[in-house]
>>> print(open('model-v2.cif').read())   # mmCIF, C-alpha atoms
data_data
loop_
_atom_site.label_atom_id
_atom_site.label_comp_id
_atom_site.auth_asym_id
_atom_site.auth_seq_id
_atom_site.Cartn_x
_atom_site.Cartn_y
_atom_site.Cartn_z
CA MET A 5 172.43 -1.99 237.57
CA LEU A 6 169.08 -3.49 238.40
CA SER A 7 170.74 -6.77 239.31
CA ARG A 8 173.11 -4.90 241.65
CA LEU A 9 170.12 -3.29 243.39
CA VAL A 10 168.45 -6.65 243.75
CA LEU A 11 171.64 -8.13 245.20
CA ARG A 12 171.93 -5.26 247.67
CA ALA A 13 168.27 -5.55 248.69
CA ALA A 14 168.36 -9.33 248.85
CA PRO A 15 170.24 -9.68 252.20
CA ALA A 16 167.88 -7.20 253.92
CA ALA A 17 164.87 -9.01 252.51
CA LEU A 18 166.31 -12.35 253.51
CA ARG A 19 166.71 -11.22 257.10
CA ALA A 20 163.05 -10.15 257.27
CA LEU A 21 161.55 -13.26 255.68
CA PRO A 22 161.31 -16.72 257.33
CA PRO A 23 163.94 -19.16 256.00
CA PRO A 24 161.93 -21.35 253.59
CA VAL A 25 160.98 -18.34 251.46
CA ALA A 26 164.53 -17.01 251.29
CA VAL A 27 165.57 -19.48 248.61
CA GLY A 28 162.88 -18.30 246.24
CA VAL A 29 163.72 -14.59 246.57
CA LEU A 30 167.20 -14.91 245.22
CA HIS A 31 166.02 -16.29 241.91
CA ALA A 32 162.86 -14.24 241.46
CA THR A 33 163.27 -10.79 239.92
CA ARG A 34 161.52 -8.11 241.89
CA PRO A 35 159.76 -5.43 239.92
CA LEU A 36 161.49 -2.15 240.68
CA HIS A 37 160.44 1.39 239.91
CA THR A 38 157.05 0.33 238.63
CA THR A 39 155.15 3.04 240.51
CA GLN A 40 155.28 6.73 239.72
CA GLN A 41 156.37 7.79 243.17
CA SER A 42 159.87 9.13 243.61
CA LEU A 43 161.63 10.83 246.47
CA ALA A 44 162.45 14.09 244.74
CA PRO A 45 161.32 16.77 244.73
CA VAL A 46 160.20 16.46 248.34
CA PRO A 47 156.79 18.04 248.95
CA PRO A 48 157.17 21.20 251.04
CA LEU A 49 156.27 21.19 254.74
CA PRO A 50 152.79 22.40 255.62
CA GLU A 51 152.75 25.97 256.79
CA LYS A 52 150.85 25.54 260.05
CA GLY A 53 150.11 22.48 262.16
CA GLY A 54 146.77 21.21 263.24
CA GLU A 55 144.72 23.78 265.09
CA VAL A 56 144.64 23.39 268.87
CA ARG A 57 142.30 25.37 271.04
CA HIS A 58 143.41 26.50 274.49
CA GLY A 59 146.63 24.61 273.97
CA VAL A 60 145.28 21.18 274.84
CA ILE A 61 142.17 20.38 272.80
CA PRO A 62 142.42 19.86 269.04
CA GLU A 63 140.07 21.82 266.87
CA GLU A 64 138.60 18.68 265.35
CA PHE A 65 136.78 18.00 268.58
CA PHE A 66 134.93 21.33 268.38
CA GLN A 67 134.14 20.74 264.72
CA PHE A 68 132.91 17.26 265.56
CA LEU A 69 130.40 18.61 268.10
CA TYR A 70 129.41 21.73 266.17
CA PRO A 71 126.57 20.27 264.04
CA LYS A 72 124.78 18.83 267.06
CA THR A 73 125.44 21.37 269.82
CA GLY A 74 126.61 24.57 268.16
CA VAL A 75 129.44 26.70 269.44
CA THR A 76 129.00 26.35 273.17
CA GLY A 77 128.60 22.58 273.13
CA PRO A 78 132.16 21.53 273.95
CA TYR A 79 132.39 24.17 276.68
CA MET A 80 129.25 22.90 278.32
CA LEU A 81 130.62 19.39 278.07
CA GLY A 82 133.84 20.53 279.66
CA THR A 83 132.10 22.32 282.51
CA GLY A 84 129.83 19.37 283.16
CA LEU A 85 132.72 16.92 283.18
CA LEU A 86 134.71 19.14 285.53
CA LEU A 87 131.86 19.47 288.01
CA TYR A 88 131.22 15.73 287.83
CA PHE A 89 134.88 14.93 288.57
CA LEU A 90 134.95 17.38 291.46
CA SER A 91 131.70 16.27 293.01
CA LYS A 92 132.37 12.58 292.72
CA GLU A 93 135.91 13.01 294.01
CA ILE A 94 137.33 11.44 290.89
CA TYR A 95 139.56 14.52 290.90
CA VAL A 96 140.73 14.97 294.51
CA VAL A 97 141.45 18.50 295.70
CA ASN A 98 144.57 18.52 297.82
CA HIS A 99 147.82 20.46 298.21
CA GLU A 100 148.86 19.43 294.71
CA THR A 101 145.85 21.23 293.30
CA ALA A 102 147.03 24.56 294.69
CA ALA A 103 150.53 23.92 293.41
CA ALA A 104 149.17 22.98 289.99
CA ALA A 105 147.02 26.10 289.88
CA CYS A 106 149.98 28.37 290.67
CA ILE A 107 152.28 26.65 288.22
CA LEU A 108 149.69 26.69 285.48
CA SER A 109 148.93 30.36 285.93
CA VAL A 110 152.60 31.23 285.79
CA ILE A 111 153.07 29.12 282.67
CA VAL A 112 150.08 30.66 280.95
CA TYR A 113 151.28 34.19 281.80
CA ALA A 114 154.78 33.42 280.52
CA ILE A 115 153.45 31.98 277.28
CA LYS A 116 151.14 34.91 276.71
CA LYS A 117 153.98 37.37 277.29
CA PHE A 118 156.96 35.72 275.60
CA GLY A 119 155.23 33.50 273.10
CA PRO A 120 155.48 35.74 270.04
CA ASN A 121 159.14 36.58 270.75
CA VAL A 122 160.15 32.97 270.98
CA ALA A 123 158.17 32.20 267.86
CA ALA A 124 159.88 35.00 265.98
CA PHE A 125 163.31 33.81 267.14
CA ALA A 126 162.60 30.25 266.08
CA ASP A 127 161.32 31.50 262.74
CA LYS A 128 164.49 33.50 262.27
CA LEU A 129 166.62 30.42 262.92
CA ASN A 130 164.58 28.48 260.44
CA GLU A 131 164.86 31.25 257.89
CA GLU A 132 168.64 31.28 258.24
CA LYS A 133 168.81 27.54 257.73
CA MET A 134 166.60 27.75 254.69
CA ALA A 135 168.57 30.66 253.31
CA SER A 136 171.88 28.85 253.67
CA ALA A 137 170.47 25.73 252.03
CA LEU A 138 169.01 27.80 249.21
CA ALA A 139 172.28 29.62 248.82
CA MET A 140 174.12 26.33 248.51
CA LYS A 141 171.65 25.12 245.94
CA ASN A 142 171.94 28.34 243.97
CA GLU A 143 175.70 28.21 244.14
CA ALA A 144 175.68 24.68 242.88
CA ILE A 145 173.36 25.64 240.04
CA GLU A 146 175.51 28.65 239.19
CA SER A 147 178.71 26.67 239.18
CA LEU A 148 177.13 24.04 236.97
CA GLN A 149 175.87 26.73 234.64
CA LYS A 150 179.33 28.21 234.49
CA ALA A 151 180.74 24.78 233.76
CA ILE A 152 178.23 24.45 230.93
CA ASP A 153 179.27 27.81 229.51
CA GLU A 154 182.92 26.92 229.76
CA GLU A 155 182.22 23.67 228.00
CA LYS A 156 180.42 25.49 225.20
CA LYS A 157 183.35 27.86 224.86
CA GLU A 158 185.72 24.93 224.68
CA GLN A 159 183.60 23.43 221.97
CA TRP A 160 183.76 26.68 220.07
CA ARG A 161 187.52 26.75 220.55
CA VAL A 162 187.80 23.32 219.07
CA GLU A 163 186.58 24.76 215.78
CA GLY A 164 189.74 26.85 215.63
CA ARG A 165 191.85 23.74 215.67
CA THR A 166 192.32 23.79 211.92
CA TYR A 167 194.02 27.20 212.03
CA LEU A 168 196.25 26.05 214.84
CA PHE A 169 197.34 23.03 212.89
CA ASP A 170 197.98 25.09 209.77
CA ALA A 171 200.23 27.40 211.74
CA LYS A 172 202.05 24.44 213.23
CA ARG A 173 202.48 22.88 209.82
CA ASN A 174 203.95 26.13 208.52
CA ASN A 175 206.35 26.26 211.44
CA ILE A 176 207.53 22.76 210.83
CA ALA A 177 207.97 23.42 207.11
CA MET A 178 210.09 26.45 207.90
CA LEU A 179 212.18 24.46 210.31
CA LEU A 180 212.77 21.80 207.73
CA GLU A 181 213.67 24.41 205.12
CA THR A 182 216.10 26.11 207.49
CA ASN A 183 217.73 22.82 208.34
CA TYR A 184 218.05 21.87 204.70
CA ARG A 185 219.66 25.17 203.86
CA GLU A 186 222.05 24.92 206.77
CA ARG A 187 223.19 21.56 205.58
CA LEU A 188 223.51 22.77 202.04
CA LEU A 189 225.76 25.58 203.27
CA MET A 190 227.81 23.13 205.26
CA VAL A 191 228.29 20.92 202.23
CA TYR A 192 229.33 23.92 200.16
CA ASN A 193 231.82 25.04 202.79
CA GLU A 194 233.34 21.61 203.10
CA VAL A 195 233.73 21.19 199.38
CA LYS A 196 235.25 24.65 199.13
CA LYS A 197 237.73 23.81 201.85
CA ARG A 198 238.83 20.71 200.05
CA LEU A 199 239.20 22.53 196.75
CA ASP A 200 241.11 25.35 198.45
CA TYR A 201 243.42 22.79 199.89
CA GLN A 202 244.12 21.39 196.49
CA VAL A 203 244.75 24.86 195.06
CA ALA A 204 247.04 25.76 197.94
CA MET A 205 248.96 22.57 197.40
CA GLN A 206 249.49 23.36 193.75
CA THR A 207 250.62 26.96 194.36
CA LEU A 208 252.97 25.81 197.05
CA LYS A 209 254.43 23.20 194.76
CA ARG A 210 254.95 25.74 191.97
CA GLN A 211 256.46 28.23 194.40
CA LYS A 212 258.86 25.66 195.71
CA GLU A 213 259.80 24.63 192.20
CA GLN A 214 260.45 28.26 191.24
CA GLU A 215 262.55 28.95 194.30
CA HIS A 216 264.48 25.80 193.79
CA MET A 217 265.12 26.61 190.15
CA ILE A 218 266.26 30.16 190.98
CA GLN A 219 268.61 28.93 193.65
CA TRP A 220 269.96 26.26 191.36
CA VAL A 221 270.53 28.76 188.57
CA GLU A 222 272.23 31.22 190.96
CA LYS A 223 274.37 28.51 192.39
CA ASN A 224 275.45 27.40 188.96
CA VAL A 225 276.14 30.97 187.86
CA VAL A 226 278.16 31.69 190.93
CA GLN A 227 280.05 28.48 190.42
CA SER A 228 280.69 29.37 186.83
CA ILE A 229 282.35 32.62 187.78
CA THR A 230 286.03 31.47 187.91
CA PRO A 231 288.59 33.40 189.94
CA GLN A 232 290.20 34.71 186.67
CA GLN A 233 287.00 36.28 185.52
CA GLN A 234 286.55 37.77 188.97
CA LYS A 235 289.88 39.57 188.82
CA GLU A 236 289.17 40.86 185.31
CA SER A 237 285.75 42.14 186.29
CA ILE A 238 287.11 43.85 189.43
CA ALA A 239 289.82 45.64 187.35
CA LYS A 240 287.25 46.74 184.87
CA CYS A 241 285.05 48.09 187.62
CA ILE A 242 287.94 50.14 189.05
CA LEU A 243 288.69 51.69 185.65
CA ASP A 244 285.07 52.59 185.16
CA LEU A 245 284.92 54.14 188.58
CA LYS A 246 288.00 56.23 187.91
CA ALA A 247 286.58 57.55 184.68
CA LEU A 248 283.38 58.42 186.42
CA SER A 249 285.21 60.16 189.25
CA LYS A 250 287.17 62.32 186.83
CA SER A 251 284.11 63.55 185.10
CA ALA A 252 282.54 64.14 188.45
CA HIS A 253 285.64 66.05 189.76
CA ALA A 254 285.81 68.35 186.68
CA ALA A 255 282.27 69.07 186.98
CA VAL A 256 282.91 69.93 190.62
CA HIS A 257 285.71 72.42 189.77
CA GLU A 258 283.58 74.16 187.18
CA ILE A 259 280.84 74.78 189.63
CA LEU A 260 283.30 76.20 192.14
CA TYR A 261 284.74 78.75 189.69
CA MET A 262 281.35 79.84 188.48
CA SER A 263 280.02 80.44 191.96
CA LEU A 264 283.11 82.42 192.99
CA ALA A 265 282.74 84.66 189.97
CA PHE A 266 279.11 85.37 190.74
CA ILE A 267 279.63 86.24 194.33
CA SER A 268 282.55 88.52 193.48
CA GLY A 269 280.51 90.31 190.86
CA ILE A 270 277.74 90.99 193.35
CA LEU A 271 280.17 92.28 195.95
CA LEU A 272 281.86 94.59 193.41
CA SER A 273 278.56 96.12 192.40
CA VAL A 274 277.58 96.65 195.98
CA LEU A 275 280.92 98.31 196.61
CA VAL A 276 280.49 100.66 193.63
CA PHE A 277 277.03 101.70 194.70
CA ALA A 278 278.20 102.28 198.26
CA ILE A 279 281.02 104.53 197.07
CA ILE A 280 278.71 106.52 194.77
CA PHE A 281 276.22 106.87 197.63
CA LEU A 282 278.81 108.02 200.04
CA PHE A 283 280.18 110.34 197.46
CA ARG A 284 276.76 111.79 196.80
CA LYS A 285 276.25 112.11 200.57
CA SER A 286 279.42 114.00 201.11
CA GLU A 287 278.62 116.51 198.23
CA MET B 1 128.62 6.04 245.09
CA ALA B 2 130.41 4.99 241.93
CA GLN B 3 133.10 3.23 243.97
CA PRO B 4 132.80 -0.47 244.71
CA PRO B 5 131.83 -1.24 248.35
CA VAL B 6 134.93 -0.89 250.57
CA LEU B 7 136.04 -3.93 252.49
CA LEU B 8 135.41 -3.84 256.22
CA LYS B 9 139.01 -4.23 257.16
CA ASP B 10 139.99 -1.14 255.17
CA THR B 11 137.51 1.27 256.76
CA LYS B 12 138.67 3.77 259.28
CA LEU B 13 137.46 3.60 262.87
CA MET B 14 135.22 6.67 262.53
CA ASP B 15 133.39 5.12 259.57
CA VAL B 16 132.71 1.81 261.26
CA LYS B 17 129.10 1.38 262.36
CA LEU B 18 128.49 0.40 265.96
CA GLY B 19 127.19 -3.04 265.08
CA GLN B 20 130.30 -3.84 263.08
CA LEU B 21 132.63 -2.72 265.84
CA GLY B 22 133.20 -6.20 267.25
CA SER B 23 134.03 -7.79 263.91
CA TRP B 24 136.16 -4.79 262.97
CA LEU B 25 138.17 -5.13 266.16
CA ALA B 26 138.59 -8.85 265.60
CA MET B 27 139.95 -8.22 262.13
CA ARG B 28 142.74 -5.92 263.28
CA ASP B 29 146.31 -7.12 263.37
CA PHE B 30 147.33 -7.92 266.95
CA THR B 31 150.69 -9.55 266.32
CA PRO B 32 153.68 -7.79 267.92
CA SER B 33 154.80 -6.47 264.54
CA GLY B 34 151.24 -5.35 263.88
CA ILE B 35 151.06 -3.51 267.21
CA LEU B 36 154.44 -1.92 266.57
CA GLY B 37 153.26 -0.91 263.12
CA GLY B 38 150.13 0.61 264.62
CA MET B 39 152.16 2.57 267.16
CA ARG B 40 154.52 3.81 264.46
CA ARG B 41 151.62 4.89 262.30
CA GLY B 42 150.02 6.72 265.23
CA TYR B 43 153.28 8.45 266.05
CA ASP B 44 153.86 9.41 262.43
CA ARG B 45 150.36 10.85 262.14
CA TYR B 46 150.71 12.95 265.29
CA TYR B 47 154.22 14.06 264.39
CA ASN B 48 153.40 15.07 260.85
CA LYS B 49 150.26 16.92 261.89
CA TYR B 50 151.45 18.91 264.88
CA ILE B 51 155.25 19.01 264.99
CA ASN B 52 156.76 18.59 261.52
CA VAL B 53 155.45 21.91 260.19
CA ARG B 54 156.95 25.27 259.31
CA LYS B 55 155.38 27.23 262.12
CA GLY B 56 154.76 24.70 264.86
CA GLY B 57 152.75 26.04 267.71
CA LEU B 58 152.39 25.32 271.39
CA GLY B 59 149.70 22.66 270.95
CA GLY B 60 152.09 20.05 269.64
CA ILE B 61 153.92 19.38 272.89
CA SER B 62 151.33 20.75 275.31
CA MET B 63 148.86 18.08 274.24
CA LEU B 64 151.48 15.42 274.94
CA LEU B 65 152.21 16.94 278.34
CA ALA B 66 148.52 17.14 279.19
CA GLY B 67 148.09 13.53 278.18
CA TYR B 68 151.03 12.59 280.37
CA ILE B 69 149.53 14.49 283.31
CA VAL B 70 146.18 12.76 282.91
CA LEU B 71 147.79 9.34 282.57
CA SER B 72 150.00 9.79 285.63
CA TYR B 73 146.98 10.98 287.62
CA MET B 74 145.10 7.90 286.58
CA TRP B 75 148.02 5.66 287.64
CA SER B 76 148.37 7.32 291.02
CA TYR B 77 144.63 7.67 291.69
CA SER B 78 144.51 4.91 294.26
CA HIS B 79 147.36 6.59 296.13
CA VAL B 80 145.73 10.02 295.97
CA SER B 81 142.22 9.05 297.05
CA LYS B 82 142.10 8.69 300.84
#
>>> encode(input="model-v2.cif", output="structure tokens")
Amino acid sequence: MLSRLVLRAAPAALRALPPPVAVGVLHATRPLHTTQQSLAPVPPLPEKGGEVRHGVIPEEFFQFLYPKTGVTGPYMLGTGLLLYFLSKEIYVVNHETAAAACILSVIVYAIKKFGPNVAAFADKLNEEKMASALAMKNEAIESLQKAIDEEKKEQWRVEGRTYLFDAKRNNIAMLLETNYRERLLMVYNEVKKRLDYQVAMQTLKRQKEQEHMIQWVEKNVVQSITPQQQKESIAKCILDLKALSKSAHAAVHEILYMSLAFISGILLSVLVFAIIFLFRKSE
Amino acid sequence: MAQPPVLLKDTKLMDVKLGQLGSWLAMRDFTPSGILGGMRRGYDRYYNKYINVRKGGLGGISMLLAGYIVLSYMWSYSHVSK
């Protein structure tokens, strides 16, 4: 960084120096920042300027003459000088003198009347400038302070990193576990499907074999029934049916007779009671 | 007087004795850059004493105006005197 400063300062120095010396400057190293002085902080402005009496004569003049002539010395000097200039016509009295006198009196009156107001106004302007500059400085300091606090908080947050990573590790472990179990389930399902397929194949095969056997047996049985046997079996069936029908018929007649007898008995009794009743009634 | 005797060329004008005035004047820097430096120093002194302050007063500029009036009177004296 020092070399960069020297390089930046070198052209300016070269311009100021006469040519023969320029060659030496480039190679020599200038001592920088050897004194204590620095530009910041800037010393504050003095509060009031140098004292001026009557607006035109600095106070130092009065102080300079005070030891020898006391308080009235400079005034006596002024009066004497004035009279000398007037009498010797070094200061000529003409129309400009009257004009100067009027102008000066007006100026003095105006200053005496409006001086303090103008001063106060100027002071107010200055105050506002200072206040805004101070406000900016304070704002900058505050924002930097806030930045520092934020930084400290971030540093504190960093300490919690371990917990964060533990939680993340747990999450990942759970994810892995879930994935593993999903795949396990998939494997199980696939294997089950294949085994089910095999089982279904076997049952189907057995079913088909059974059906085929049954059909084959039926077919053979039906084939084995010759027409002769058919006629014999049909005749036998008819005989059996007839026998059954007879027994069924007889049974039917029996029921008929029994029911007729019952109904007639009831009617007879009802008739007898009716006759007795009527007989009793007519007595 | 514990300090070593100050060199003549470093003394201020007010501390120069009358007899040394000639040699003091001869020792001053009268090159153009020296004169410019002297003017800049004078300006800086006046500015920092009377104008570059918190509560500058009237004297700062009125002294300059008075000086200007006196100087212009001196330049036009031959025209004014009949």
>>> interface_residues(input="model-v2.cif", of="chain B", to="chain A", cutoff="9 Å", atoms="all atoms listed in the file", output="PDB file with C-alpha atoms, keeping the file's coordinate frame")
ATOM      1  CA  ASN B  48     153.400  15.070 260.850  1.00  0.00           C
ATOM      2  CA  LYS B  49     150.260  16.920 261.890  1.00  0.00           C
ATOM      3  CA  TYR B  50     151.450  18.910 264.880  1.00  0.00           C
ATOM      4  CA  ILE B  51     155.250  19.010 264.990  1.00  0.00           C
ATOM      5  CA  ASN B  52     156.760  18.590 261.520  1.00  0.00           C
ATOM      6  CA  VAL B  53     155.450  21.910 260.190  1.00  0.00           C
ATOM      7  CA  ARG B  54     156.950  25.270 259.310  1.00  0.00           C
ATOM      8  CA  LYS B  55     155.380  27.230 262.120  1.00  0.00           C
ATOM      9  CA  GLY B  56     154.760  24.700 264.860  1.00  0.00           C
ATOM     10  CA  GLY B  57     152.750  26.040 267.710  1.00  0.00           C
ATOM     11  CA  LEU B  58     152.390  25.320 271.390  1.00  0.00           C
ATOM     12  CA  GLY B  59     149.700  22.660 270.950  1.00  0.00           C
ATOM     13  CA  GLY B  60     152.090  20.050 269.640  1.00  0.00           C
ATOM     14  CA  SER B  62     151.330  20.750 275.310  1.00  0.00           C
ATOM     15  CA  MET B  63     148.860  18.080 274.240  1.00  0.00           C
ATOM     16  CA  LEU B  64     151.480  15.420 274.940  1.00  0.00           C
ATOM     17  CA  LEU B  65     152.210  16.940 278.340  1.00  0.00           C
ATOM     18  CA  ALA B  66     148.520  17.140 279.190  1.00  0.00           C
ATOM     19  CA  GLY B  67     148.090  13.530 278.180  1.00  0.00           C
ATOM     20  CA  TYR B  73     146.980  10.980 287.620  1.00  0.00           C
ATOM     21  CA  TYR B  77     144.630   7.670 291.690  1.00  0.00           C
ATOM     22  CA  VAL B  80     145.730  10.020 295.970  1.00  0.00           C
ATOM     23  CA  SER B  81     142.220   9.050 297.050  1.00  0.00           C
TER      24      SER B  81
END
>>> atom_distance(input="model-v2.cif", atom1="CA of Gln214 (chain A)", atom2="CA of Ser237 (chain A)")
29.3 Å
>>> atom_distance(input="model-v2.cif", atom1="CA of Ala26 (chain B)", atom2="CA of Leu13 (chain B)")
12.8 Å
>>> resolve_selection(input="model-v2.cif", expression="the PyMOL selection byres ((chain B and resi 24) around 12)", output="tab-separated table (two decimals) with C-alpha atoms, keeping the file's coordinate frame")
chain	number	residue	atom	x	y	z
B	7	LEU	CA	136.04	-3.93	252.49
B	8	LEU	CA	135.41	-3.84	256.22
B	9	LYS	CA	139.01	-4.23	257.16
B	10	ASP	CA	139.99	-1.14	255.17
B	11	THR	CA	137.51	1.27	256.76
B	12	LYS	CA	138.67	3.77	259.28
B	13	LEU	CA	137.46	3.60	262.87
B	14	MET	CA	135.22	6.67	262.53
B	15	ASP	CA	133.39	5.12	259.57
B	16	VAL	CA	132.71	1.81	261.26
B	17	LYS	CA	129.10	1.38	262.36
B	18	LEU	CA	128.49	0.40	265.96
B	19	GLY	CA	127.19	-3.04	265.08
B	20	GLN	CA	130.30	-3.84	263.08
B	21	LEU	CA	132.63	-2.72	265.84
B	22	GLY	CA	133.20	-6.20	267.25
B	23	SER	CA	134.03	-7.79	263.91
B	25	LEU	CA	138.17	-5.13	266.16
B	26	ALA	CA	138.59	-8.85	265.60
B	27	MET	CA	139.95	-8.22	262.13
B	28	ARG	CA	142.74	-5.92	263.28
B	29	ASP	CA	146.31	-7.12	263.37
>>> atom_distance(input="model-v2.cif", atom1="CA of Gln219 (chain A)", atom2="CA of Ala204 (chain A)")
22.2 Å
